[in-house]
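> One structure coming up, written as structure tokens, with questions to follow.
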Amino acid sequence: MSQLSAPEPILTEAQPPRLVPPPRKPAPHWPKRALIALGVSAALALVVFGGMRVYRRVRAANAPEIPVAKVQRGDITLAITAKGELRGGNPETLAAPLTGGSEMHITALKKTGEPVKKGDVVAQFDTTEQEFKLKEAQADLAEAEQHLIQAQAQRDADQEEDRYALLKAQADVKLAELDVRKNPLLSTIAAEQNDLALQAARDHLAQVKQNVANRQATGNAGIAIQQAAREKAESQAETARQNIESMTLRAGRSGYVAVDRNTNTNFFFTGMSMPLFQIGDAVQPGMVVAEIPDLNTWDIAANIGELDRGHLAVGDKVAITVIAVPNHPFQGHVKELGGTTGPFWDRHFECTIALDDPSPLLRPGMSVQLVVSTDAIRQALWVPAQALFESDGRTFVYLRSGKTFTQKNITLVRRNETRAVISGLNEGQVVALANPLEMAKKKATDTNPLKTIGR
């Protein structure tokens with residue numbers, strides 16, 4: 001068998017060594033690093049710039065929109081506007097009768113604006129209770145009359161009995177006197193007996209006379225008592241009849257019915273509108289249920305704000321617009337200024353305005369718009385009334401300064417519900433119509449539900 005063996009190395013001539021070049025120095029890296037740092041900085045700047053833009057947009061979106069107005073100068077007339085209700089002048093009032101303090105219920109009632117003639121039934125109340133009282137009084141009257149008849153009969157019987165007793169006592173005295181005349185002929189004992197009998201007869205006669213007087217007085221007193229009971233029953237029956245008659249309210253003149261508002265309630269809150277009386281309502285005695293206005297004269301009842309109280313005077317001209325007759329302007333004048341009423345946050349006073357040119361188209365209860373023109377002011381500096389604010393006895397506005405608002409004290413010259421004549425500002429300046437601080441707080445609360453939950 002042959003064996004494989006490794007080949008023998010081939011001998012060659014020695015080669016000269018190769019020359020290796022020296023290693024090269026690495027190039028510096030700072031330009032590359034600078035470029036990277038510059039890129040990172042630019043990216044951060046872009047992020048910050050974008051964030052600021054987003055923040056400004058969000059802040060602008062959340063910023064409250066504050067209504068503003070400019071300070072203006074010009075000739076203005078501080079007209080006073082109000083709402084009122086048309087009613088006839090010198091109305092005839094129909095009130096619930098005074099029936100002893102118990103409330104009554106309406107069983108029949110005319111509607112507002114319904115025409116009536118003199119004597120027509122306007123309202124009717126439930127007479128069940130008064131009818132019961134009438135029947136009860138009539139029964140008491142009949143019973144009192146029977147008791148009176150009985151007392152008179154008893155007195156007559158007692159008088160006859162007393163007359164007989166009196167005649168008998170007088171006869172006994174006469175007989176005793178005749179017996180006494182026989183005393184001279186009789187013994188001493190018999191004579192004394194006759195004297196004693198005469199004295200007893202006389203005493204009995206005196207007692208009978210006293211009894212007759214007493215029984216006569218007693219009989220007369222009994223009759224007087226029964227007569228008083230009968231008169232009382234008659235009075236109660238007559239009162240019940242009058243109450244029944246008065247519980248039917250009739251018109252005393254021809255015209256239109258104006259039903260009053262029902263104020264017979266156990267609760268009341270500010271701004272509550274009382275309904276008109278209607279069938280079935282309970283009415284207290286003395287409450288006015290309806291009116292029959294005098295159609296020859298018309299009045300308007302209006303409530304005017306307390307701020308305008310000092311700007312009105314009796315006789316001021318009033319422009320009147322009746323809502324139901326819009327194309328027919330009316331004129332009137334201030335007739336009467338009443339007292340101030342209402343809570344401290346909504347004070348007003350009652351004002352009566354007379355209509356100068358009435359029309360057959362008018363009806364009681366119609367709503368009207370009133371415009372009372374007061375003195376005109378020339379070249380006045382004014383702002384809307386809602387731009388004024390008051391605190392600690394001073395009057396101020398929120399004046400716009402750049403993008404913010406600052407308080408600015410002003411002097412109030414004249415004011416009504418819509419405009420205010422002022423001094424202390426310049427024409428063209430911008431003022432806020434709402435409190436910027438309160439609006440900002442409200443906006444922050446609306447946009448942060450956690451604050452609302454925490455409250």
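Labels used: A, B, ... for chains in the order of the structure tokens, numbers from 1 for residues in each chain, and numbers from 1 for ligands as shown.
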Where in range 32-121 of chain A does DSSP assign alpha helix (DSSP H), given as a ChimeraX atom specification?
/A:32-62
> When you look at Thr112 in chain A with a cut-off of 12 Å (counting only C-alpha atoms), what residues show up, excluding the ones that are within fewer than 3 positions of it in the same chain? I need them as an mmCIF file with N, CA and C atoms, in the first residue's frame.

```cif
data_model
loop_
_atom_site.group_PDB
_atom_site.id
_atom_site.type_symbol
_atom_site.label_atom_id
_atom_site.label_comp_id
_atom_site.auth_asym_id
_atom_site.auth_seq_id
_atom_site.Cartn_x
_atom_site.Cartn_y
_atom_site.Cartn_z
ATOM 1 N N ARG A 87 -106.284 101.341 31.038
ATOM 2 C CA ARG A 87 -107.462 101.160 31.880
ATOM 3 C C ARG A 87 -108.323 102.405 31.781
ATOM 4 N N LEU A 109 -118.499 84.693 36.003
ATOM 5 C CA LEU A 109 -117.661 85.872 35.852
ATOM 6 C C LEU A 109 -117.539 86.222 34.373
ATOM 7 N N PRO A 115 -118.366 93.410 26.716
ATOM 8 C CA PRO A 115 -119.244 94.566 26.949
ATOM 9 C C PRO A 115 -120.400 94.201 27.872
ATOM 10 N N VAL A 116 -120.811 95.171 28.687
ATOM 11 C CA VAL A 116 -121.939 94.992 29.602
ATOM 12 C C VAL A 116 -122.781 96.260 29.582
ATOM 13 N N VAL A 122 -122.068 90.853 36.454
ATOM 14 C CA VAL A 122 -120.657 90.756 36.097
ATOM 15 C C VAL A 122 -120.020 89.553 36.782
ATOM 16 N N ALA A 123 -120.342 89.346 38.049
ATOM 17 C CA ALA A 123 -119.765 88.238 38.811
ATOM 18 C C ALA A 123 -120.805 87.699 39.775
ATOM 19 N N GLY A 255 -120.377 99.641 29.637
ATOM 20 C CA GLY A 255 -118.974 99.714 29.267
ATOM 21 C C GLY A 255 -118.392 98.336 29.051
ATOM 22 N N TYR A 256 -117.110 98.199 29.381
ATOM 23 C CA TYR A 256 -116.391 96.937 29.223
ATOM 24 C C TYR A 256 -115.876 96.470 30.575
ATOM 25 N N VAL A 257 -115.798 95.159 30.716
ATOM 26 C CA VAL A 257 -115.337 94.556 31.968
ATOM 27 C C VAL A 257 -113.814 94.465 31.946
ATOM 28 N N ALA A 258 -113.203 94.823 33.069
ATOM 29 C CA ALA A 258 -111.759 94.640 33.273
ATOM 30 C C ALA A 258 -111.582 93.790 34.519
ATOM 31 N N VAL A 259 -111.303 92.504 34.332
ATOM 32 C CA VAL A 259 -111.140 91.582 35.458
ATOM 33 C C VAL A 259 -109.812 91.861 36.146
ATOM 34 N N ASP A 260 -109.836 91.900 37.473
ATOM 35 C CA ASP A 260 -108.640 92.189 38.261
ATOM 36 C C ASP A 260 -107.804 90.914 38.423
ATOM 37 N N ARG A 261 -106.577 91.087 38.939
ATOM 38 C CA ARG A 261 -105.666 89.962 39.161
ATOM 39 C C ARG A 261 -105.899 89.352 40.536
ATOM 40 N N LEU A 276 -105.400 86.411 36.275
ATOM 41 C CA LEU A 276 -106.695 87.061 36.449
ATOM 42 C C LEU A 276 -107.650 86.130 37.182
ATOM 43 N N PHE A 277 -108.642 86.734 37.826
ATOM 44 C CA PHE A 277 -109.667 85.933 38.479
ATOM 45 C C PHE A 277 -110.398 85.095 37.437
ATOM 46 N N GLN A 278 -110.802 83.901 37.856
ATOM 47 C CA GLN A 278 -111.578 83.037 36.987
ATOM 48 C C GLN A 278 -112.559 82.240 37.835
ATOM 49 N N VAL A 289 -112.777 92.401 42.368
ATOM 50 C CA VAL A 289 -112.792 91.317 41.382
ATOM 51 C C VAL A 289 -112.743 91.863 39.957
ATOM 52 N N ALA A 290 -113.453 92.939 39.694
ATOM 53 C CA ALA A 290 -113.505 93.490 38.339
ATOM 54 C C ALA A 290 -113.787 94.985 38.421
ATOM 55 N N GLU A 291 -113.585 95.654 37.290
ATOM 56 C CA GLU A 291 -113.854 97.072 37.183
ATOM 57 C C GLU A 291 -114.641 97.345 35.907
ATOM 58 N N ILE A 292 -115.428 98.395 35.955
ATOM 59 C CA ILE A 292 -116.133 98.891 34.765
ATOM 60 C C ILE A 292 -115.573 100.280 34.484
ATOM 61 N N PRO A 293 -114.616 100.395 33.564
ATOM 62 C CA PRO A 293 -113.978 101.696 33.337
ATOM 63 C C PRO A 293 -114.938 102.685 32.688
ATOM 64 N N ARG A 363 -109.405 99.080 24.384
ATOM 65 C CA ARG A 363 -110.076 98.187 25.331
ATOM 66 C C ARG A 363 -109.246 98.151 26.622
ATOM 67 N N PRO A 364 -109.899 97.962 27.745
ATOM 68 C CA PRO A 364 -109.146 97.864 29.003
ATOM 69 C C PRO A 364 -108.192 96.669 28.996
ATOM 70 N N GLY A 365 -107.024 96.860 29.591
ATOM 71 C CA GLY A 365 -106.048 95.792 29.692
ATOM 72 C C GLY A 365 -105.053 95.728 28.550
ATOM 73 N N MET A 366 -105.204 96.556 27.510
ATOM 74 C CA MET A 366 -104.241 96.533 26.408
ATOM 75 C C MET A 366 -102.872 97.018 26.884
#
```
> Which residues are close to range 315-320 of chain A, i.e. within 12 Å by only C-alpha atoms, leaving aside same-chain residues fewer than 6 positions away? Reply as an MDAnalysis selection string.
chainID A and resid 79:86 299:300 302 326:337 351:358 366:375
> If you count only C-alpha atoms, which residues fall within 12 Å of Lys174 in chain A, apart from same-chain ones fewer than 3 positions away, as a ChimeraX atom specification?
/A:167-171,177-181,197-199,201-202,205
> Store the residues picked out above, limited to C-alpha atoms, as a PDB file, in the first residue's frame.

```pdb
ATOM      1  CA  LEU A 167    -160.913  90.859  93.749  1.00  0.00           C
ATOM      2  CA  LYS A 168    -161.166  88.048  96.280  1.00  0.00           C
ATOM      3  CA  ALA A 169    -158.677  89.729  98.618  1.00  0.00           C
ATOM      4  CA  GLN A 170    -160.582  93.001  98.366  1.00  0.00           C
ATOM      5  CA  ALA A 171    -163.870  91.198  99.084  1.00  0.00           C
ATOM      6  CA  GLU A 177    -164.654  95.386 107.928  1.00  0.00           C
ATOM      7  CA  LEU A 178    -168.366  94.497 108.200  1.00  0.00           C
ATOM      8  CA  ASP A 179    -167.551  92.012 110.950  1.00  0.00           C
ATOM      9  CA  VAL A 180    -165.567  94.669 112.807  1.00  0.00           C
ATOM     10  CA  ARG A 181    -168.651  96.907 112.865  1.00  0.00           C
ATOM     11  CA  ALA A 197    -159.276  88.916 110.804  1.00  0.00           C
ATOM     12  CA  LEU A 198    -159.502  92.417 109.341  1.00  0.00           C
ATOM     13  CA  GLN A 199    -155.778  92.934 109.746  1.00  0.00           C
ATOM     14  CA  ALA A 201    -157.361  90.401 105.194  1.00  0.00           C
ATOM     15  CA  ARG A 202    -155.638  93.694 104.677  1.00  0.00           C
ATOM     16  CA  LEU A 205    -154.642  92.184  99.994  1.00  0.00           C
TER      17      LEU A 205
END
```
> Taking the DSSP secondary structure from the backbone, can you list the residues of range 284-431 of chain A that are strand (DSSP E or B), as a ChimeraX atom specification?
/A:288-305,317-322,325-341,348-355,367-372,376-384,389-391,394-401,404-409,411-415,419-423,430-431
